[in-house]
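Shown below: model_19.cif, with mmCIF, C-alpha atoms.
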data_upload
loop_
_atom_site.label_atom_id
_atom_site.label_comp_id
_atom_site.auth_asym_id
_atom_site.auth_seq_id
_atom_site.Cartn_x
_atom_site.Cartn_y
_atom_site.Cartn_z
CA MET A 212 0.00 0.00 0.00
CA GLU A 213 2.93 2.37 -0.25
CA HIS A 214 2.01 3.43 -3.79
CA ILE A 215 -1.11 5.32 -2.68
CA PRO A 216 0.44 8.83 -2.39
CA LEU A 217 1.70 8.66 -5.97
CA ASN A 218 -1.36 7.33 -7.76
CA PHE A 219 -3.68 10.33 -7.58
CA PRO A 220 -4.97 10.28 -11.20
CA PHE A 221 -5.94 6.61 -10.91
CA LEU A 222 -7.76 7.31 -7.64
CA ALA A 223 -9.65 10.20 -9.26
CA ALA A 224 -10.75 7.92 -12.10
CA ALA A 225 -11.95 5.27 -9.65
CA LEU A 226 -13.92 7.88 -7.67
CA LEU A 227 -15.54 9.15 -10.89
CA VAL A 228 -16.67 5.61 -11.70
CA GLY A 229 -18.03 5.23 -8.17
CA ILE A 230 -20.05 8.46 -8.35
CA ALA A 231 -21.42 7.48 -11.75
CA LEU A 232 -22.52 4.10 -10.41
CA TYR A 233 -24.30 5.81 -7.52
CA ILE A 234 -26.21 8.04 -9.95
CA ILE A 235 -27.20 5.13 -12.19
CA ILE A 236 -28.50 2.98 -9.33
CA PHE A 237 -30.30 5.52 -7.18
CA LYS A 238 -31.81 8.24 -9.39
CA LYS A 239 -35.09 7.90 -11.26
CA ASN A 240 -35.12 10.94 -13.53
CA LEU A 241 -34.20 10.02 -17.12
CA VAL A 242 -31.98 13.03 -17.82
CA LYS A 243 -29.91 12.33 -14.72
CA LEU A 244 -29.50 8.72 -15.81
CA ILE A 245 -28.06 9.78 -19.17
CA MET A 246 -25.67 12.18 -17.46
CA GLY A 247 -24.54 9.34 -15.18
CA ILE A 248 -23.71 7.14 -18.18
CA ALA A 249 -21.69 9.97 -19.76
CA LEU A 250 -19.80 10.41 -16.48
CA LEU A 251 -18.96 6.69 -16.46
CA ALA A 252 -17.48 6.99 -19.96
CA SER A 253 -15.43 10.03 -18.93
CA GLY A 254 -13.99 8.16 -15.95
CA VAL A 255 -12.93 5.23 -18.09
CA ASN A 256 -11.31 7.53 -20.69
CA LEU A 257 -9.35 9.35 -17.99
CA PHE A 258 -8.06 6.06 -16.60
CA LEU A 259 -7.00 4.91 -20.05
CA VAL A 260 -5.00 8.06 -20.85
CA ALA A 261 -3.37 8.18 -17.40
CA LEU A 262 -2.04 4.64 -17.85
CA GLY A 263 0.41 5.71 -20.52
CA TYR A 264 2.21 8.63 -18.91
CA ARG A 265 5.98 8.82 -18.63
CA ALA A 266 7.54 11.17 -16.09
CA GLY A 267 8.66 14.40 -17.76
CA GLY A 268 7.32 13.32 -21.13
CA ILE A 269 6.18 15.24 -24.20
CA ALA A 270 3.42 14.57 -26.70
CA PRO A 271 4.18 11.84 -29.29
CA ILE A 272 4.41 14.18 -32.28
CA TYR A 273 7.62 14.89 -34.18
CA THR A 274 6.71 18.33 -35.59
CA ASP A 275 8.82 20.93 -33.69
CA ALA A 276 9.12 18.70 -30.67
CA PRO A 277 11.01 19.85 -27.55
CA GLU A 278 13.48 17.60 -25.76
CA GLY A 279 12.39 14.71 -23.61
CA PRO A 280 11.05 11.16 -23.70
CA MET A 281 7.74 10.59 -25.44
CA VAL A 282 4.68 9.24 -23.66
CA MET A 283 3.05 6.00 -24.80
CA SER A 284 0.87 6.45 -27.85
CA VAL A 285 -1.33 3.36 -28.04
CA PRO A 286 -3.63 4.28 -25.07
CA GLN A 287 -4.33 7.62 -26.74
CA ALA A 288 -5.43 5.90 -29.94
CA LEU A 289 -7.75 3.59 -27.98
CA THR A 290 -9.23 6.61 -26.15
CA LEU A 291 -10.02 8.28 -29.51
CA THR A 292 -12.04 5.24 -30.53
CA SER A 293 -13.80 5.13 -27.17
CA ILE A 294 -14.82 8.80 -27.33
CA VAL A 295 -16.30 8.41 -30.82
CA ILE A 296 -18.27 5.34 -29.74
CA LYS A 297 -19.80 7.37 -26.92
CA TRP A 298 -21.37 9.77 -29.46
CA MET B 79 -35.49 33.49 -35.77
CA LEU B 80 -33.28 35.56 -33.56
CA SER B 81 -32.58 39.24 -34.10
CA LYS B 82 -30.86 40.71 -37.13
CA ILE B 83 -27.49 41.20 -35.42
CA VAL B 84 -27.26 37.51 -34.53
CA ARG B 85 -28.17 36.45 -38.06
CA THR B 86 -25.54 38.66 -39.68
CA VAL B 87 -22.77 37.60 -37.32
CA THR B 88 -23.68 33.92 -37.81
CA ASN B 89 -23.43 34.34 -41.57
CA GLU B 90 -19.93 35.78 -41.18
CA PHE B 91 -18.70 33.20 -38.70
CA MET B 92 -19.80 30.12 -40.63
CA LEU B 93 -17.00 30.70 -43.15
CA PHE B 94 -14.29 30.83 -40.48
CA ILE B 95 -15.59 27.74 -38.71
CA ALA B 96 -15.63 25.77 -41.96
CA VAL B 97 -12.06 26.78 -42.81
CA PHE B 98 -10.87 25.90 -39.31
CA GLY B 99 -12.50 22.47 -39.48
CA LEU B 100 -10.97 21.76 -42.90
CA TYR B 101 -7.54 22.84 -41.60
CA ILE B 102 -7.75 20.34 -38.75
CA ILE B 103 -8.80 17.56 -41.16
CA ALA B 104 -6.13 18.31 -43.76
CA HIS B 105 -3.16 18.53 -41.36
CA GLY B 106 -4.04 15.36 -39.52
CA HIS B 107 -0.65 13.76 -40.10
CA LEU B 108 1.41 16.73 -38.83
CA THR B 109 -0.40 18.25 -35.85
CA PRO B 110 -2.84 16.81 -33.30
CA GLY B 111 -6.25 16.31 -34.86
CA GLY B 112 -7.41 14.20 -37.74
CA GLY B 113 -10.66 13.15 -39.32
CA PHE B 114 -12.94 12.75 -36.31
CA GLN B 115 -12.02 15.99 -34.60
CA GLY B 116 -12.38 18.12 -37.74
CA GLY B 117 -15.76 16.58 -38.50
CA ALA B 118 -16.97 17.48 -35.01
CA VAL B 119 -15.91 21.13 -35.51
CA ILE B 120 -17.91 21.38 -38.76
CA VAL B 121 -20.99 19.86 -37.08
CA SER B 122 -20.79 22.50 -34.34
CA GLY B 123 -20.93 25.16 -37.07
CA VAL B 124 -24.10 23.60 -38.48
CA VAL B 125 -25.69 23.59 -35.02
CA MET B 126 -24.94 27.30 -34.73
CA LEU B 127 -26.78 27.86 -38.03
CA LEU B 128 -29.77 25.89 -36.77
CA VAL B 129 -29.98 27.94 -33.58
CA ALA B 130 -29.85 31.31 -35.34
CA PHE B 131 -32.19 30.62 -38.25
CA ASN B 132 -35.54 28.92 -38.63
CA TYR B 133 -35.58 25.24 -39.48
CA GLN B 134 -37.22 25.88 -42.87
CA GLU B 135 -34.48 28.28 -43.99
CA VAL B 136 -31.68 25.81 -43.20
CA ARG B 137 -33.55 22.97 -44.87
CA LYS B 138 -33.52 24.78 -48.22
CA VAL B 139 -29.69 24.75 -48.21
CA LEU B 140 -28.88 21.37 -46.59
CA ARG B 141 -31.16 18.77 -48.10
CA GLU B 142 -31.23 15.45 -46.31
CA ARG B 143 -30.80 13.29 -49.41
CA VAL B 144 -27.50 14.98 -50.34
CA LEU B 145 -26.17 14.48 -46.81
CA THR B 146 -26.85 10.74 -46.76
CA ILE B 147 -25.25 10.31 -50.20
CA MET B 148 -22.13 12.14 -48.99
CA GLU B 149 -21.91 9.96 -45.90
CA SER B 150 -22.08 6.72 -47.88
CA THR B 151 -19.47 8.03 -50.34
CA GLY B 152 -17.06 8.75 -47.50
CA ALA B 153 -17.43 5.25 -46.08
CA LEU B 154 -16.94 3.66 -49.52
CA ILE B 155 -13.76 5.65 -50.20
CA PHE B 156 -12.35 4.55 -46.83
CA ILE B 157 -13.00 0.87 -47.59
CA ALA B 158 -11.61 1.21 -51.14
CA LEU B 159 -8.36 2.69 -49.78
CA ALA B 160 -8.10 -0.17 -47.31
CA PHE B 161 -8.56 -2.76 -50.04
CA ALA B 162 -6.15 -1.14 -52.51
CA GLY B 163 -3.06 -2.49 -50.77
CA ILE B 164 -4.32 -6.06 -50.62
CA GLY B 165 -1.09 -7.33 -52.24
CA ALA B 166 0.72 -7.52 -48.89
CA VAL B 167 -1.86 -7.25 -46.03
CA PHE B 168 -5.25 -5.61 -45.62
CA PHE B 169 -4.56 -1.88 -44.68
CA TYR B 170 -1.11 -1.78 -46.26
CA ASN B 171 0.32 1.71 -46.81
CA PHE B 172 1.10 1.33 -50.50
CA LEU B 173 1.89 5.00 -51.22
CA VAL B 174 5.09 5.33 -49.16
CA GLY B 175 8.05 5.74 -51.56
CA THR B 176 5.94 6.55 -54.64
CA PRO B 177 6.04 10.21 -55.79
CA ILE B 178 2.36 10.93 -55.09
CA LEU B 179 2.36 11.46 -51.32
CA GLY B 180 5.31 9.42 -50.30
CA ARG B 181 8.17 11.56 -49.07
CA ILE B 182 9.79 10.35 -45.88
CA PRO B 183 10.57 13.03 -43.26
CA GLY B 184 14.03 13.16 -41.71
CA PRO B 185 14.57 11.46 -38.38
CA GLY B 186 13.93 13.35 -35.17
CA PRO B 187 12.09 16.64 -34.66
CA ASN B 188 11.57 18.63 -37.84
CA PRO B 189 9.16 21.27 -39.19
CA GLY B 190 6.51 19.25 -40.99
CA ASP B 191 6.18 18.72 -44.72
CA ILE B 192 2.64 18.31 -45.98
CA TRP B 193 3.35 15.98 -48.91
CA THR B 194 4.26 13.08 -46.64
CA GLY B 195 2.26 10.36 -45.00
CA GLY B 196 1.27 7.93 -47.70
CA VAL B 197 -2.38 6.93 -47.55
CA ILE B 198 -3.09 8.62 -44.20
CA PRO B 199 -4.23 12.12 -45.45
CA LEU B 200 -6.69 10.52 -47.89
CA MET B 201 -8.15 8.39 -45.13
CA ASN B 202 -8.43 11.51 -42.96
CA LEU B 203 -10.47 13.27 -45.67
CA ALA B 204 -12.79 10.30 -46.13
CA VAL B 205 -13.49 9.94 -42.42
CA GLY B 206 -13.96 13.72 -42.02
CA ILE B 207 -16.59 13.84 -44.77
CA LYS B 208 -18.37 10.83 -43.29
CA VAL B 209 -18.54 12.21 -39.77
CA ALA B 210 -19.59 15.74 -40.83
CA ALA B 211 -22.39 14.58 -43.13
CA GLY B 212 -23.72 11.89 -40.79
CA LEU B 213 -23.92 13.99 -37.64
CA SER B 214 -25.40 16.94 -39.58
CA ALA B 215 -28.23 14.71 -40.79
CA VAL B 216 -28.89 13.55 -37.22
CA VAL B 217 -28.94 17.12 -35.90
CA LEU B 218 -31.37 18.19 -38.65
CA ALA B 219 -33.73 15.30 -37.89
CA LEU B 220 -33.66 16.11 -34.15
CA ALA B 221 -34.45 19.79 -34.83
CA LEU B 222 -37.45 18.80 -36.89
CA PHE B 223 -38.65 16.39 -34.23
CA SER B 224 -38.41 18.88 -31.40
CA SER B 225 -40.20 21.70 -33.23
CA GLY B 226 -43.47 19.77 -33.44
CA GLY B 227 -43.22 18.46 -36.97
CA GLU B 228 -45.69 20.90 -38.47
CA ALA B 229 -45.52 22.31 -42.03
CA GLU B 230 -44.01 19.09 -43.39
CA GLU B 231 -44.23 18.12 -47.06
CA MET C 35 -34.32 -1.84 3.35
CA ARG C 36 -33.55 -1.98 -0.35
CA ARG C 37 -31.76 1.36 -0.19
CA VAL C 38 -29.53 0.19 2.66
CA THR C 39 -28.58 -2.99 0.82
CA GLY C 40 -27.84 -1.01 -2.32
CA LEU C 41 -25.67 1.47 -0.43
CA ILE C 42 -23.64 -1.23 1.28
CA SER C 43 -23.00 -3.11 -1.96
CA LEU C 44 -22.00 0.14 -3.68
CA LEU C 45 -19.50 0.91 -0.91
CA VAL C 46 -18.01 -2.58 -1.19
CA LEU C 47 -17.64 -2.13 -4.96
CA VAL C 48 -15.93 1.24 -4.62
CA ALA C 49 -13.60 -0.20 -1.98
CA PHE C 50 -12.62 -2.96 -4.41
CA LEU C 51 -11.94 -0.38 -7.13
CA VAL C 52 -9.74 1.78 -4.89
CA TRP C 53 -7.80 -1.21 -3.59
CA GLY C 54 -7.25 -2.49 -7.11
CA VAL C 55 -6.01 0.89 -8.32
CA ALA C 56 -3.47 1.16 -5.53
CA LEU C 57 -1.65 -1.94 -6.71
CA ILE C 58 -0.84 -0.86 -10.27
CA HIS C 59 2.57 0.54 -11.22
CA PRO C 60 3.39 4.00 -9.82
CA PHE C 61 2.13 6.89 -11.92
CA GLY C 62 4.71 7.85 -14.52
CA TYR C 63 6.84 4.73 -14.78
CA PRO C 64 5.06 2.18 -16.91
CA ASP C 65 6.55 -1.26 -17.31
CA ALA C 66 6.20 -3.62 -20.30
CA SER C 67 6.34 -0.88 -22.91
CA ASP C 68 8.19 -2.74 -25.68
CA MET C 69 5.50 -2.33 -28.34
CA ASP C 70 5.29 1.43 -27.81
CA ASP C 71 9.08 1.82 -27.95
CA TYR C 72 9.16 0.02 -31.29
CA ILE C 73 6.29 2.15 -32.66
CA ILE C 74 7.86 5.47 -31.58
CA GLU C 75 11.25 4.50 -33.06
CA ASN C 76 10.05 3.25 -36.45
CA ALA C 77 6.86 5.21 -37.21
CA GLN C 78 8.59 7.90 -39.26
CA GLU C 79 10.34 5.54 -41.70
CA GLU C 80 7.58 3.00 -42.15
CA THR C 81 4.55 5.27 -42.46
CA GLY C 82 6.14 8.63 -43.26
CA SER C 83 4.00 10.82 -41.00
CA ASN C 84 5.08 13.04 -38.12
CA ASN C 85 2.07 12.26 -35.93
CA VAL C 86 2.62 8.93 -34.19
CA VAL C 87 -0.93 8.73 -32.80
CA SER C 88 -2.41 9.27 -36.27
CA SER C 89 -0.23 6.54 -37.75
CA VAL C 90 -1.28 4.16 -34.97
CA VAL C 91 -4.98 4.90 -35.53
CA PHE C 92 -4.91 4.60 -39.34
CA ASP C 93 -1.99 2.30 -40.13
CA TYR C 94 -0.86 0.01 -37.34
CA ARG C 95 -4.38 -0.49 -35.95
CA GLY C 96 -6.55 0.46 -38.90
CA PHE C 97 -8.96 -2.41 -38.34
CA ASP C 98 -10.29 -0.82 -35.16
CA THR C 99 -11.00 2.40 -37.08
CA LEU C 100 -12.96 0.39 -39.61
CA GLY C 101 -15.10 -1.05 -36.82
CA GLU C 102 -15.63 2.37 -35.36
CA ALA C 103 -16.76 3.80 -38.71
CA THR C 104 -19.26 0.97 -38.92
CA ILE C 105 -20.62 1.81 -35.47
CA LEU C 106 -21.03 5.48 -36.46
CA PHE C 107 -22.85 4.49 -39.64
CA THR C 108 -25.20 2.15 -37.76
CA ALA C 109 -26.00 4.80 -35.14
CA VAL C 110 -26.85 7.44 -37.75
CA THR C 111 -29.04 4.98 -39.65
CA GLY C 112 -30.88 3.96 -36.50
CA VAL C 113 -31.64 7.52 -35.42
CA LEU C 114 -32.85 8.56 -38.88
CA LEU C 115 -35.05 5.46 -39.11
CA LEU C 116 -36.75 6.14 -35.77
CA LEU C 117 -37.42 9.80 -36.43
CA ARG C 118 -38.76 9.15 -39.92
CA THR C 119 -41.49 6.90 -38.51
CA GLN C 120 -42.43 9.59 -36.02
CA ARG C 121 -42.69 12.17 -38.79
CA ARG C 122 -45.00 10.05 -40.91
CA ARG C 123 -47.20 9.17 -37.96
CA LYS C 124 -47.59 12.80 -36.95
CA GLU C 125 -48.68 13.98 -40.39
CA GLY C 126 -50.76 10.92 -41.27
CA SER C 127 -53.19 11.11 -38.36
#
In structure tokens, how does this file's structure come out?
Amino acid sequence: MEHIPLNFPFLAAALLVGIALYIIIFKKNLVKLIMGIALLASGVNLFLVALGYRAGGIAPIYTDAPEGPMVMSVPQALTLTSIVIKW
Amino acid sequence: MLSKIVRTVTNEFMLFIAVFGLYIIAHGHLTPGGGFQGGAVIVSGVVMLLVAFNYQEVRKVLRERVLTIMESTGALIFIALAFAGIGAVFFYNFLVGTPILGRIPGPGPNPGDIWTGGVIPLMNLAVGIKVAAGLSAVVLALALFSSGGEAEE
Amino acid sequence: MRRVTGLISLLVLVAFLVWGVALIHPFGYPDASDMDDYIIENAQEETGSNNVVSSVVFDYRGFDTLGEATILFTAVTGVLLLLRTQRRRKEGS
């Protein structure tokens, strides 16, 4: 359990999923239900992008790139697909 | 119909939004962006038109039949480009090295050259057309549905 | 009674999620990144584009983009089909 102080983005994503599950189970209004489903998708997308971060990294694009290691690029491609499916 | 100031400003802004969306689609292999994002920008411009004008006025310019034909054309061009490199594998990038779009950029960070990328800019254009036409048709149908559906021929 | 049971099960689920998240690799130092290292090294020579994410979406994993285009097409067709029936019913009656 000594990794807890460093894993704040993952914890935020897990809390978002928890709040979205509470809205889906306990609210009866239809508009609130749809907003809860959208919140669930946002939590999952945040978790997916935060998995691929490298400390001190830059965006994986070669056009006028500054110095530094590049972050992982495959989770970002999967998040693009997931956002379009949510439309 | 909103007031005359809103209508005039919307007419002016639609041109800038369309150019911005096409810029994001066309430079998809150099800067962040691509087909899906540029299509979403163009759809937001169409929604702005629908809010400022009446539904009947917009319907004279954007007919629904033309939009569905454009969407199907975009999907067919995407599949044709995927099948064209069937000699090696399914989605093979067969334009790298040929003089059409096939320059190879130098290694490491460089200012981008637009005539690179192989088959990727063409795929970006096809997906951009598909997304813009499809979501515009959906937004038009929803506007008709929510305004009561009267005066329909 | 049903609300209390639902609340307790929700709390247990969230506790599982938080405990599971705490055991992944520390934020910023991913392990097992061999595929991404190969893609970042060789994406400029093999595909010829500066944007690595774009070349992953359209070239290395183009099949997923084909599936996503199919989903978009099906969604648009479904929405237009439903609203067309509503239109005809409203003007027919």
Inset, instruction - Do a neighbour search on region 280-291 of chain A at 7 Å with all atoms listed in the file, toss out local chain neighbours closer than 5 positions, and write the hits as a list in words. - result: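 What passes the distance filter is Asn256, Leu259, Val260, Gly263, Tyr264, Arg265, Gly268, Ile269, Ala270 and Pro271 of chain A; Asp70, Val87, Val90 and Val91 of chain C.
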Legend entry - Selection result for the PyMOL selection byres ((chain A) within 7 of (chain B)) on this file, as a PyMOL selection string: chain A and resi 273-276
Take the selection from the previous step and output its residues with C-alpha atoms, as an mmCIF file, keeping the file's coordinate frame.
data_model
loop_
_atom_site.group_PDB
_atom_site.id
_atom_site.type_symbol
_atom_site.label_atom_id
_atom_site.label_comp_id
_atom_site.auth_asym_id
_atom_site.auth_seq_id
_atom_site.Cartn_x
_atom_site.Cartn_y
_atom_site.Cartn_z
ATOM 1 C CA TYR A 273 7.620 14.890 -34.180
ATOM 2 C CA THR A 274 6.710 18.330 -35.590
ATOM 3 C CA ASP A 275 8.820 20.930 -33.690
ATOM 4 C CA ALA A 276 9.120 18.700 -30.670
#
Inset, instruction - Taking the file above as input, evaluate the PyMOL selection byres ((chain C) within 10 of (chain A)) and report the hits as a ChimeraX atom specification. - result: /C:37,40-41,44-45,47-65,67,69-71,73-74,78,83-92,94-95,98-99,101-103,105-106,109
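The shortest atom-to-atom distance to chain C, with only C-alpha atoms taken into account, belongs to B:Leu173 out of B:Ala118, B:Leu173, B:Met92, B:Val87.
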Legend entry - Who sits within 12 Å of Leu159 (chain B), only C-alpha atoms, same chain under 2 positions skipped, as a ChimeraX atom specification: /B:152-157,161-164,168-173,196-205 /C:92-93,96,100
Inset, instruction - Run the PyMOL selection byres ((chain C and resi 113) around 12) mentally over the shown coordinates, then write out the matched residues as a list in words, using the chain letters and numbers from the document. - result: Gly212, Leu213, Ala215, Val216, Val217, Leu218, Ala219, Leu220 and Phe223 of chain B; Leu106, Phe107, Thr108, Ala109, Val110, Thr111, Gly112, Leu114, Leu115, Leu116, Leu117, Arg118, Thr119 and Gln120 of chain C
Inset, instruction - Can you pull out every residue within 10 Å of region 133-145 of chain B, counting all atoms listed in the file, but drop anything in the same chain fewer than 3 positions away, and send it as a list in words? - result: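 Here the qualifying residues turn out to be Met79, Val124, Leu127, Leu128, Val129, Ala130, Met148, Glu149, Ser150, Thr151, Ile207, Lys208, Ala210, Ala211, Gly212, Leu213, Ser214, Ala215, Val216, Leu218, Ala219, Ala221, Leu222, Ser225, Ala229 and Glu230 of chain B.
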Legend entry - Atom-to-atom span, CA of Ile95 (chain B) and CA of Ile120 (chain B), Å: 6.8 Å
